Each structure stands twice: as structure tokens, then as C-alpha cells.
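Peer 1: Input file: upload_0.txt. Contents: compact mmCIF, C-alpha atoms.
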# COMPACT_ATOMS: atom_id res chain seq x y z
CA LEU B 12 63.88 129.15 -12.62
CA CYS B 13 62.80 130.91 -15.81
CA PRO B 14 59.82 129.14 -17.40
CA HIS B 15 59.29 132.13 -19.69
CA SER B 16 62.55 131.79 -21.55
CA THR B 17 60.78 130.88 -24.79
CA HIS B 18 59.08 133.50 -26.97
CA ALA B 19 55.82 131.57 -27.12
CA LEU B 20 55.08 132.04 -23.43
CA ALA B 21 53.19 135.06 -22.16
CA ARG B 22 54.56 137.32 -19.45
CA ALA B 23 53.47 135.99 -16.07
CA PRO B 24 54.87 135.10 -12.67
CA GLY B 25 56.10 131.98 -12.21
CA ALA B 26 46.01 113.58 -23.09
CA ALA B 27 42.85 112.70 -21.65
CA PHE B 28 42.89 111.35 -18.12
CA CYS B 29 43.26 107.59 -18.01
CA ALA B 30 40.17 105.42 -17.82
CA MET B 31 41.20 104.46 -14.33
CA ALA B 32 40.93 108.06 -13.12
CA GLY B 33 40.33 108.18 -9.43
CA LYS B 34 41.14 104.50 -8.91
CA ALA B 35 44.24 102.48 -8.35
CA GLY B 36 45.29 98.89 -7.86
CA LYS B 37 47.54 97.32 -5.32
CA ALA B 38 50.87 95.87 -6.34
CA ASP B 39 49.27 92.61 -7.40
CA GLY B 40 46.56 94.42 -9.37
CA ASP B 41 43.79 92.36 -7.77
CA VAL B 42 42.27 95.04 -5.57
CA VAL B 43 41.07 98.38 -6.86
CA ARG B 44 40.47 101.22 -4.41
CA GLU B 45 39.11 104.72 -4.69
CA VAL B 46 41.57 107.57 -4.28
CA PRO B 47 40.09 109.66 -1.42
CA GLN B 48 39.02 113.23 -1.99
CA GLU B 49 41.80 114.55 0.25
CA LEU B 50 44.35 113.11 -2.17
CA ARG B 51 42.96 114.87 -5.22
CA CYS B 52 44.24 118.04 -6.85
CA ALA B 53 42.38 121.19 -5.81
CA ALA B 54 42.53 122.50 -9.39
CA THR B 55 41.56 119.43 -11.43
CA GLY B 56 39.84 117.02 -9.04
CA LYS B 57 42.12 114.25 -10.31
CA ALA B 58 44.36 112.12 -8.14
CA LEU B 59 47.45 114.06 -7.10
CA TYR B 60 50.60 113.42 -9.12
CA MET B 61 53.89 114.93 -8.00
CA PRO B 62 51.98 116.71 -5.22
CA VAL B 63 52.92 120.19 -4.06
CA VAL B 64 51.40 121.87 -1.01
CA THR B 65 51.00 125.64 -0.83
CA THR B 66 51.33 127.92 2.18
CA GLN B 67 47.54 127.78 2.42
CA GLY B 68 47.86 124.03 3.09
CA VAL B 69 46.18 123.13 -0.21
CA ALA B 70 47.54 120.27 -2.35
CA TYR B 71 47.88 120.49 -6.13
CA SER B 72 49.44 118.30 -8.77
CA TYR B 73 52.74 119.84 -9.88
CA SER B 74 51.64 120.40 -13.47
CA ALA B 75 48.29 121.92 -12.45
CA LEU B 76 49.86 124.51 -10.16
CA PHE B 77 52.55 125.23 -12.74
CA GLU B 78 49.84 125.96 -15.30
CA MET B 79 48.13 128.30 -12.81
CA PHE B 80 51.35 130.28 -12.40
CA MET B 81 51.89 130.43 -16.15
CA ALA B 82 48.35 131.64 -16.81
CA ALA B 83 48.30 134.30 -14.08
CA ARG B 84 49.04 137.94 -14.86
CA ALA B 85 50.06 138.56 -11.27
CA LEU B 86 49.90 135.90 -8.54
CA PRO B 87 47.62 132.90 -9.04
CA THR B 88 44.82 132.54 -6.52
CA CYS B 89 44.14 129.43 -4.48
CA LYS B 90 41.24 127.37 -5.83
CA VAL B 91 40.06 126.66 -2.28
CA THR B 92 40.70 129.83 -0.27
CA GLY B 93 40.89 132.50 -2.96
CA GLU B 94 44.16 133.78 -1.48
CA PRO B 95 47.22 134.65 -3.61
CA ILE B 96 49.92 131.98 -4.00
CA ALA B 97 53.35 133.61 -3.79
CA PHE B 98 55.61 130.53 -3.80
CA PHE B 99 55.87 127.60 -6.19
CA PRO B 100 56.57 124.70 -3.78
CA SER B 101 58.87 121.73 -4.13
CA VAL B 102 57.29 118.27 -4.36
CA CYS B 103 56.06 116.95 -1.01
CA LEU B 104 58.10 113.73 -0.96
CA PRO B 105 56.26 111.62 1.65
CA LEU B 106 52.91 112.37 0.03
CA HIS B 107 54.35 111.54 -3.40
CA HIS B 108 55.88 108.29 -2.18
CA HIS B 109 52.66 107.23 -0.47
CA LEU B 110 50.66 107.81 -3.64
CA MET B 111 53.16 105.98 -5.84
CA GLU B 112 53.18 102.95 -3.55
CA GLN B 113 49.51 102.83 -2.61
CA TYR B 114 47.89 103.72 -5.95
CA LYS B 115 50.25 102.29 -8.54
CA GLY B 116 47.74 101.94 -11.34
CA VAL B 117 46.39 105.47 -11.28
CA MET B 118 49.86 106.93 -10.78
CA ARG B 119 51.00 105.24 -14.00
CA GLY B 120 48.10 106.89 -15.76
CA ARG B 121 48.79 110.26 -14.20
CA ARG B 122 52.44 110.05 -15.23
CA GLN B 123 51.48 109.20 -18.81
CA GLN B 124 49.34 112.33 -18.90
CA ASP B 125 51.16 114.98 -16.89
CA GLU B 126 54.77 114.43 -17.91
CA PRO B 127 54.26 114.59 -21.70
CA ASP B 128 51.78 117.44 -21.26
CA LEU B 129 54.26 119.57 -19.29
CA ALA B 130 56.98 118.89 -21.84
CA GLU B 131 54.76 119.57 -24.86
CA ARG B 132 53.09 122.73 -23.59
CA PHE B 133 55.94 124.37 -21.72
CA GLY B 134 59.09 122.52 -22.74
CA PHE B 135 60.08 121.38 -19.24
CA PRO B 136 60.45 118.00 -17.56
CA MET B 137 58.96 116.98 -14.24
CA PRO B 138 61.40 117.29 -11.34
CA MET B 139 63.36 114.14 -10.56
CA VAL B 140 62.58 112.68 -7.16
CA GLU B 141 64.14 109.72 -5.44
CA GLU B 142 61.94 106.68 -4.98
CA LEU B 143 61.80 104.92 -1.62
CA PRO B 144 63.01 101.30 -1.46
CA GLU B 145 60.32 98.61 -1.50
CA LYS B 146 62.03 96.94 1.43
CA ASN B 147 61.24 98.69 4.73
CA PHE B 148 59.04 101.16 2.85
CA ASP B 149 56.95 102.16 5.88
CA GLU B 150 60.06 102.72 7.97
CA ALA B 151 61.53 105.00 5.31
CA LEU B 152 58.23 106.84 4.94
CA LEU B 153 58.03 107.46 8.68
CA GLU B 154 61.48 109.01 8.53
CA GLU B 155 60.28 111.38 5.82
CA LEU B 156 57.31 112.29 8.02
CA GLU B 157 59.47 113.55 10.86
CA CYS B 158 58.95 117.20 11.73
CA VAL B 159 62.20 118.98 10.84
CA VAL B 160 61.96 120.97 14.09
CA SER B 161 60.98 118.39 16.72
CA ARG B 162 62.44 115.32 14.95
CA GLU B 163 59.28 113.43 15.97
CA LEU B 164 56.38 112.24 13.83
CA VAL B 165 54.80 115.37 12.40
CA TYR B 166 51.47 116.28 13.99
CA GLU B 167 48.98 118.52 12.20
CA PRO B 168 51.47 118.66 9.31
CA CYS B 169 52.35 121.93 7.63
CA VAL B 170 54.46 122.03 4.46
CA LEU B 171 56.97 124.79 3.69
CA SER B 172 57.60 125.86 0.10
CA SER B 173 60.91 123.96 0.26
CA GLY B 174 58.98 120.73 0.83
CA SER B 175 60.09 120.48 4.47
CA ILE B 176 57.36 119.35 6.88
CA VAL B 177 56.76 120.82 10.33
CA SER B 178 54.16 120.24 13.02
CA ALA B 179 51.68 123.08 13.40
CA TYR B 180 52.71 123.70 16.99
CA CYS B 181 56.33 124.17 15.84
CA VAL B 182 55.47 127.10 13.58
CA PRO B 183 56.91 130.13 15.41
CA GLU B 184 55.30 133.51 15.82
CA GLY B 185 56.26 135.45 12.71
CA GLY B 186 56.80 132.24 10.74
CA PHE B 187 60.06 130.82 9.38
CA LEU B 188 62.59 133.21 7.91
CA LYS B 189 64.84 130.30 6.89
CA ASP B 190 64.21 126.62 6.32
CA PRO B 191 64.82 124.79 9.63
CA ASN B 192 66.30 121.89 7.68
CA ARG B 193 69.96 122.90 7.52
CA THR B 194 70.63 120.82 4.42
CA VAL B 195 68.09 122.99 2.60
CA GLY B 196 68.52 126.34 4.31
CA CYS B 197 66.64 128.48 1.78
CA ALA B 198 64.84 131.70 2.66
CA LEU B 199 61.17 131.42 3.63
CA TYR B 200 60.02 135.03 4.11
CA GLY B 201 58.20 134.36 7.37
CA GLN B 202 56.14 131.46 6.03
CA ALA B 203 53.64 130.15 8.57
CA PRO B 204 51.81 127.46 6.56
CA ARG B 205 48.43 126.06 7.44
CA LYS B 206 47.89 122.39 8.15
CA SER B 207 47.78 120.20 5.06
CA MET B 208 44.64 118.09 5.03
CA ALA B 209 46.16 115.85 2.35
CA VAL B 210 49.28 114.99 4.36
CA GLU B 211 47.29 114.49 7.56
CA ALA B 212 44.79 112.21 5.78
CA MET B 213 47.68 110.14 4.46
CA ILE B 214 49.24 109.75 7.92
CA LYS B 215 45.93 108.85 9.55
CA ALA B 216 45.22 106.23 6.90
CA ARG B 217 48.68 104.69 6.89
CA PHE B 218 49.90 105.13 10.46
CA PRO B 219 46.77 105.60 12.61
CA GLN B 220 48.31 104.17 15.79
CA HIS B 221 51.47 106.23 15.47
CA TYR B 222 49.42 109.39 14.95
CA THR B 223 47.17 108.71 17.94
CA GLU B 224 50.17 107.99 20.14
CA ARG B 225 51.81 111.22 19.05
CA ALA B 226 48.65 113.14 20.02
CA LEU B 227 48.70 111.53 23.47
CA GLU B 228 52.39 112.37 23.92
CA LEU B 229 51.76 116.03 23.12
CA ALA B 230 48.80 116.13 25.49
CA LYS B 231 50.93 114.64 28.29
CA GLU B 232 53.60 117.26 27.66
CA GLY B 233 50.97 119.98 27.81
CA ILE B 234 51.69 121.10 24.24
CA GLN B 235 48.86 122.81 22.39
CA SER B 236 49.00 120.94 19.12
CA ALA B 237 46.67 123.24 17.18
CA GLY B 238 49.47 125.61 16.22
CA LYS B 239 48.12 129.13 16.79
CA HIS B 240 50.70 130.63 14.42
CA ALA B 241 50.05 128.25 11.49
CA LYS B 242 47.78 130.69 9.67
CA GLY B 243 48.89 130.37 6.05
CA THR B 244 50.73 133.69 5.99
CA TRP B 245 54.12 135.07 4.94
CA ASN B 246 55.82 138.45 5.10
CA GLU B 247 54.44 140.59 2.30
CA LEU B 248 57.14 142.23 0.20
CA SER B 249 57.27 145.94 -0.47
CA PRO B 250 55.44 146.95 -3.67
CA ALA B 251 58.34 149.32 -4.34
CA LEU B 252 60.68 146.40 -5.08
CA HIS B 253 61.53 145.64 -8.69
CA ILE B 254 59.60 142.64 -10.02
CA PHE B 255 61.31 140.15 -12.31
CA TRP B 256 58.16 139.02 -14.09
CA GLY B 257 58.37 135.44 -15.27
CA LEU B 258 61.36 134.64 -13.06
CA GLY B 259 61.07 132.25 -10.13
CA CYS B 260 63.52 131.37 -7.37
CA ASP B 261 65.01 127.86 -7.54
CA GLY B 262 65.42 127.97 -3.77
CA CYS B 263 62.32 129.11 -1.88
CA GLY B 264 60.07 129.16 -4.95
CA LEU B 265 59.23 132.90 -4.73
CA TRP B 266 57.56 133.62 -8.07
CA PRO B 267 58.04 136.22 -9.45
CA ILE B 268 61.29 137.25 -7.78
CA ARG B 269 61.07 140.70 -6.21
CA GLY B 270 64.04 142.85 -5.26
CA SER B 271 67.44 141.58 -6.41
CA ALA B 272 67.81 138.42 -8.50
CA TRP B 273 70.83 136.22 -9.15
CA GLU B 274 71.57 133.75 -11.93
CA ASP B 275 74.08 130.97 -12.46
CA ALA B 276 76.30 132.29 -15.26
CA ASP B 277 77.61 128.81 -16.00
CA CYS B 278 74.30 126.93 -16.20
CA GLN B 279 73.76 125.84 -19.81
CA ASP B 280 70.14 124.75 -19.42
CA ARG B 281 67.63 126.91 -21.27
CA VAL B 282 65.58 127.44 -18.13
CA GLY B 283 68.64 128.66 -16.22
CA PHE B 284 69.13 128.71 -12.46
CA HIS B 285 67.95 131.75 -10.52
CA LEU B 286 67.72 132.82 -6.89
CA CYS B 287 66.08 135.62 -4.98
CA ASP B 288 68.46 137.78 -2.98
CA GLN B 289 67.64 136.16 0.37
CA CYS B 290 68.32 132.62 -0.89
CA TYR B 291 71.54 133.86 -2.48
CA GLN B 292 72.69 135.52 0.73
CA LEU B 293 72.00 132.27 2.61
CA GLY B 294 74.26 130.40 0.18
CA PHE B 295 71.58 128.10 -1.19
CA HIS B 296 73.45 127.82 -4.51
CA ARG B 297 76.43 126.26 -2.74
CA ARG B 298 74.35 123.32 -1.47
CA VAL B 299 72.54 122.15 -4.60
CA VAL B 300 73.45 120.69 -7.98
CA THR B 301 70.07 121.21 -9.63
CA GLY B 302 66.96 123.38 -9.57
CA LYS B 303 63.19 123.15 -9.96
CA PHE B 304 63.51 121.64 -13.47
CA ASN B 305 66.48 119.28 -13.10
CA GLN B 306 68.98 121.91 -14.27
CA THR B 307 72.59 120.74 -14.43
CA ARG B 308 74.94 122.90 -12.40
CA MET B 309 77.78 122.73 -9.89
CA PRO B 310 77.84 124.33 -6.43
CA ASN B 311 80.96 126.33 -7.35
CA CYS B 312 79.40 127.87 -10.48
CA ARG B 313 79.47 131.66 -10.82
CA MET B 314 76.40 133.49 -9.56
CA VAL B 315 75.96 136.99 -10.97
CA GLN B 316 73.45 139.65 -10.03
CA MET B 317 70.89 140.37 -12.71
CA ALA B 318 70.27 143.91 -13.89
CA GLU B 319 66.68 145.10 -13.64
CA SER B 320 66.67 145.45 -17.42
CA ASP B 321 67.52 141.75 -17.83
CA PHE B 322 63.96 140.72 -17.08
CA MET B 323 60.98 143.02 -17.32
Spit out the file's structure as C-alpha cells when you get a sec.
Peer 2:
Amino acid sequence: LCPHSTHALARAPGAAFCAMAGKAGKADGDVVREVPQELRCAATGKALYMPVVTTQGVAYSYSALFEMFMAARALPTCKVTGEPIAFFPSVCLPLHHHLMEQYKGVMRGRRQQDEPDLAERFGFPMPMVEELPEKNFDEALLEELECVVSRELVYEPCVLSSGSIVSAYCVPEGGFLKDPNRTVGCALYGQAPRKSMAVEAMIKARFPQHYTERALELAKEGIQSAGKHAKGTWNELSPALHIFWGLGCDGCGLWPIRGSAWEDADCQDRVGFHLCDQCYQLGFHRRVVTGKFNQTRMPNCRMVQMAESDFM
């Protein structure tokens, strides 16, 4: 991930809103409902589009957080907590799918604004995400809302930078060093994300009975659901490590990459495909055919270590 591959962009880590802003219609267009505050971007106040959730548990629209990374001279700071944001997250799929299905009208407007804006200002497309089938939509959404550790409905949902969702009580002491979803398996640097109010609000609104039943099950099992380790932290990296300013990891989202960096020597896309050393050592590049910006690549492409002089 190298958003700064064009000369017009400054060194950094990492059209008007539609008239229906904040509102959306149902599929038949007859009913218009307000998008709740919990489902609005922390940076813009607009309805979330392509939502990403940070380690702090705060939800942003993809383009808004991307702009924050591009504008920052070091790490961007969270608009809610004031804490530094060290990882650029992948899209939170269940939250995205809920928004696209429940607020069709406003999502059309958000797409018409954010996608051309990202392309015009930075030269990159939105990430491609798979849409859920209209048939059995709720069933498919519930599957996406399974905690990747317990394999049950997530409770007090926390979102890792990979987009994987875990229950707060499943966050271990010291956080996650690696994504617990084996099909992802990227490095996570001890991430112990806080509960996402946006994801929890969505579950409570859409599946209130399921969520209440899950709370009762945990209480019966004597499980403390609060998640004492879900504090919004990660393992701070040594300041002595080399910093690849403007270079982000297409695996865990670490931005900028610190320490060693790797790039796909065969990727022809201008943005390239890059990994931090931990994601490389875990073989993330062998499991994916794209990156944060829909790069075209093959799992058997050549990964080469970047020299510190390659990116300053």
C-alpha cells in the first residue's frame, strides 16, 4: 500500500453531500428513516460509507479516515478519543452490508460522493467488497457477525484492523499478535480493540432477541462479557526502527510501516503491494490476490525486501 506514489502527494503516513444526507429509504422507497448517530462517521458526521473501525472502537467512512492519514505528518489522531491511530483498517463487512441494505437511498448518495472524490483527489478506487445476497440476507449477516474466536454471535463487538470481529471477552491479555481468523492470518501487534458502538448499535437494532439471548447465555456460563483486556491498545513499536513514511501494510494496515518492509516485485499497479515484516513472515502474501486498493497480484508473485533508501 503506497498512496504516496504520485509526486503531488505530501509525505505522510498512510461533491457536496446529497440532499438526502442523514436519511435513507427502504427498498420500496416509501419509508424514509433517519440514520442514527451511532452509524455516522466520527470525522464528518455523515452516514458511514464503506465503514472502517479503528482500534479505539471508533467508526469512520473509508474515505474520511484515508484523508486523515494523508493529511497527518505523523499518526492521525482519533476525532473522539484524541489517541493516535496506527493502523488503517479493512472495511467492516457486516456493518457495510447492514447500511447498504437498510439505508439504500443515502448509500447511493454517499457512493456518488465518496468514490469519485477518492479517485479525483488521490487517484485510488474504493476497495471492492462482496455484496450479500438479497435472499436469506439476515442469515448471511448473522454469519458475518460471528466472533472469529468463539464462533458464536459476537457480544460487545470489537473490530481488528483486518476487519475480523471478536467479542470483548475473547480479547486476550496482551491482545492479538496474529489474526485469529486463519484465512486472514495477518500480524496484529498485540491489538486489543475497544468495543465498537456502531457495530453493537447495528446488532441491537437488527437482532435484538439474538443479542439478548447471547447475553443470557454468557451470564449462565459465568463469563464476564465486559472484556477487561479490550482497552484499545497495541504493542508500541521501538522508535529506533526505520520508518517507511508514506508506506502502509496491505495486511494488518500498519501505516507507516516500521522496521523491515516488503514489496511485490511483480505487481504492476501504481500503488504497489507492500507488507510489514511481521505480515510477510506470517505468509500473508501467499493467501491474497489483492490489497487495500484492489491491486492485481498472484499469491506466487516475488516479494523482495525494500532497502531503507527506497522510501524515506
Peer 1: Name all residues at most 12 Å from Glu163 (chain B) (count all atoms listed in the file; drop same-chain ones fewer than 5 positions away) and give them as a ChimeraX atom specification.
Peer 2: /B:153-158,168,176-178,181,221-222,224-226,228-229
Peer 1: Return as AutoDock Vina command-line options the box centre and box size in Å, one decimal, for an axis-aligned box around all listed atoms of region 61-79 of chain B padded by 5 Å per side.
Peer 2:
--center_x 50.0 --center_y 121.6 --center_z -6.1 --size_x 17.7 --size_y 23.4 --size_z 28.4
Peer 1: Figure out the distance between CA of Gln113 (chain B) and CA of Ala216 (chain B), please, to one decimal in Å.
Peer 2: 11.0 Å
Peer 1: Can I get the residues of region 131-248 of chain B within 6 Å of region 57-81 of chain B, each with the closest pair of atoms and their distance in Å to one decimal, using all atoms listed in the file, sorted chain first then ascending number, as CSV?
Peer 2:
residue,atom,partner,partner_atom,distance
B:Pro204,CA,B:Thr66,CA,4.4
B:Arg205,CA,B:Gly68,CA,4.8
B:Lys206,CA,B:Gly68,CA,5.3
B:Ser207,CA,B:Gly68,CA,4.3
B:Gly243,CA,B:Gln67,CA,4.7
Peer 1: Take the residues from that selection and put them in a file with C-alpha atoms, as a CSV table (one decimal), in the frame of the given file.
Peer 2:
chain,number,residue,atom,x,y,z
B,204,PRO,CA,51.8,127.5,6.6
B,205,ARG,CA,48.4,126.1,7.4
B,206,LYS,CA,47.9,122.4,8.2
B,207,SER,CA,47.8,120.2,5.1
B,243,GLY,CA,48.9,130.4,6.0
Peer 1: Hey, could you make a per-residue contact list for region 198-255 of chain B against region 281-302 of chain B with 12 Å as the cut-off, showing the nearest pair of atoms and its distance in Å to one decimal, counting all atoms listed in the file, sorted by chain and number, as a Markdown table?
Peer 2:
| residue | atom | partner | partner_atom | distance |
| --- | --- | --- | --- | --- |
| B:Ala198 | CA | B:Cys290 | CA | 5.1 |
| B:Leu199 | CA | B:Cys290 | CA | 8.5 |
| B:Tyr200 | CA | B:Gln289 | CA | 8.6 |
| B:Gly201 | CA | B:Gln289 | CA | 11.9 |
| B:Leu252 | CA | B:Asp288 | CA | 11.8 |
| B:His253 | CA | B:Cys287 | CA | 11.6 |
| B:Ile254 | CA | B:Cys287 | CA | 10.8 |
| B:Phe255 | CA | B:Cys287 | CA | 9.8 |
Peer 1: Would you mind telling me which residue in B:Tyr166, B:Ala97, B:Asn311, B:Thr55 lies nearest to Ala230 (chain B) when using all atoms listed in the file?
Peer 2: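 Checking each of B:Tyr166, B:Ala97, B:Asn311, B:Thr55 against Ala230 (chain B), counting all atoms listed in the file, the winner is B:Tyr166.
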Peer 1: Hey, could you patch up region 211-222 of chain B with all heavy atoms and hand it over as a CSV table (one decimal), keeping the file's coordinate frame?
Peer 2:
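This is the output file part_1.csv:
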chain,number,residue,atom,x,y,z
B,211,GLU,N,47.9,115.1,6.3
B,211,GLU,CA,47.3,114.5,7.6
B,211,GLU,C,46.4,113.3,7.2
B,211,GLU,O,46.5,112.3,8.0
B,211,GLU,CB,46.5,115.5,8.3
B,211,GLU,CG,46.0,115.0,9.7
B,211,GLU,CD,45.2,116.0,10.5
B,211,GLU,OE1,44.2,116.6,10.0
B,211,GLU,OE2,45.7,116.2,11.6
B,212,ALA,N,45.6,113.3,6.2
B,212,ALA,CA,44.8,112.2,5.8
B,212,ALA,C,45.7,111.0,5.4
B,212,ALA,O,45.3,109.9,5.8
B,212,ALA,CB,43.9,112.6,4.6
B,213,MET,N,46.8,111.2,4.8
B,213,MET,CA,47.7,110.1,4.5
B,213,MET,C,48.2,109.5,5.7
B,213,MET,O,48.3,108.3,5.8
B,213,MET,CB,48.8,110.7,3.6
B,213,MET,CG,49.8,109.6,3.2
B,213,MET,SD,51.3,109.6,4.2
B,213,MET,CE,52.1,111.0,3.6
B,214,ILE,N,48.7,110.3,6.7
B,214,ILE,CA,49.2,109.8,7.9
B,214,ILE,C,48.2,109.0,8.7
B,214,ILE,O,48.4,107.9,9.2
B,214,ILE,CB,49.8,110.9,8.8
B,214,ILE,CG1,50.9,111.6,8.1
B,214,ILE,CG2,50.4,110.3,10.1
B,214,ILE,CD1,51.4,112.9,8.8
B,215,LYS,N,47.0,109.5,8.8
B,215,LYS,CA,45.9,108.8,9.6
B,215,LYS,C,45.6,107.5,8.9
B,215,LYS,O,45.2,106.6,9.6
B,215,LYS,CB,44.7,109.8,9.6
B,215,LYS,CG,44.8,110.9,10.6
B,215,LYS,CD,43.5,111.7,10.7
B,215,LYS,CE,43.6,112.8,11.7
B,215,LYS,NZ,42.4,113.6,11.8
B,216,ALA,N,45.6,107.5,7.6
B,216,ALA,CA,45.2,106.2,6.9
B,216,ALA,C,46.3,105.2,7.0
B,216,ALA,O,46.0,104.0,7.2
B,216,ALA,CB,44.9,106.5,5.4
B,217,ARG,N,47.6,105.6,7.0
B,217,ARG,CA,48.7,104.7,6.9
B,217,ARG,C,49.3,104.4,8.3
B,217,ARG,O,49.7,103.2,8.5
B,217,ARG,CB,49.8,105.3,6.0
B,217,ARG,CG,50.9,104.3,5.7
B,217,ARG,CD,51.5,104.5,4.4
B,217,ARG,NE,52.2,103.3,3.9
B,217,ARG,CZ,52.3,102.9,2.7
B,217,ARG,NH1,51.7,103.6,1.7
B,217,ARG,NH2,53.0,101.9,2.4
B,218,PHE,N,49.3,105.3,9.1
B,218,PHE,CA,49.9,105.1,10.5
B,218,PHE,C,49.0,105.6,11.6
B,218,PHE,O,49.3,106.5,12.4
B,218,PHE,CB,51.2,105.9,10.6
B,218,PHE,CG,52.2,105.5,9.5
B,218,PHE,CD1,52.6,106.5,8.5
B,218,PHE,CD2,52.8,104.3,9.4
B,218,PHE,CE1,53.5,106.1,7.5
B,218,PHE,CE2,53.7,103.9,8.4
B,218,PHE,CZ,54.1,104.9,7.5
B,219,PRO,N,47.7,105.1,11.6
B,219,PRO,CA,46.8,105.6,12.6
B,219,PRO,C,47.2,105.5,14.1
B,219,PRO,O,47.0,106.4,14.9
B,219,PRO,CB,45.5,104.8,12.3
B,219,PRO,CG,46.0,103.5,11.7
B,219,PRO,CD,47.2,104.0,10.8
B,220,GLN,N,47.9,104.4,14.4
B,220,GLN,CA,48.3,104.2,15.8
B,220,GLN,C,49.4,105.1,16.1
B,220,GLN,O,49.4,105.8,17.2
B,220,GLN,CB,48.8,102.7,16.0
B,220,GLN,CG,49.2,102.5,17.5
B,220,GLN,CD,49.5,101.0,17.7
B,220,GLN,OE1,49.2,100.1,16.9
B,220,GLN,NE2,50.1,100.7,18.9
B,221,HIS,N,50.4,105.3,15.2
B,221,HIS,CA,51.5,106.2,15.5
B,221,HIS,C,50.9,107.7,15.7
B,221,HIS,O,51.4,108.4,16.6
B,221,HIS,CB,52.4,106.2,14.3
B,221,HIS,CG,53.2,105.0,14.1
B,221,HIS,ND1,52.7,103.8,13.6
B,221,HIS,CD2,54.6,104.7,14.4
B,221,HIS,CE1,53.7,102.9,13.6
B,221,HIS,NE2,54.8,103.4,14.0
B,222,TYR,N,49.9,108.0,14.9
B,222,TYR,CA,49.4,109.4,15.0
B,222,TYR,C,48.7,109.6,16.3
B,222,TYR,O,48.8,110.7,16.9
B,222,TYR,CB,48.5,109.7,13.7
B,222,TYR,CG,48.4,111.1,13.4
B,222,TYR,CD1,49.5,111.9,13.0
B,222,TYR,CD2,47.1,111.8,13.5
B,222,TYR,CE1,49.3,113.2,12.7
B,222,TYR,CE2,47.0,113.1,13.1
B,222,TYR,CZ,48.1,113.8,12.8
B,222,TYR,OH,48.0,115.2,12.4
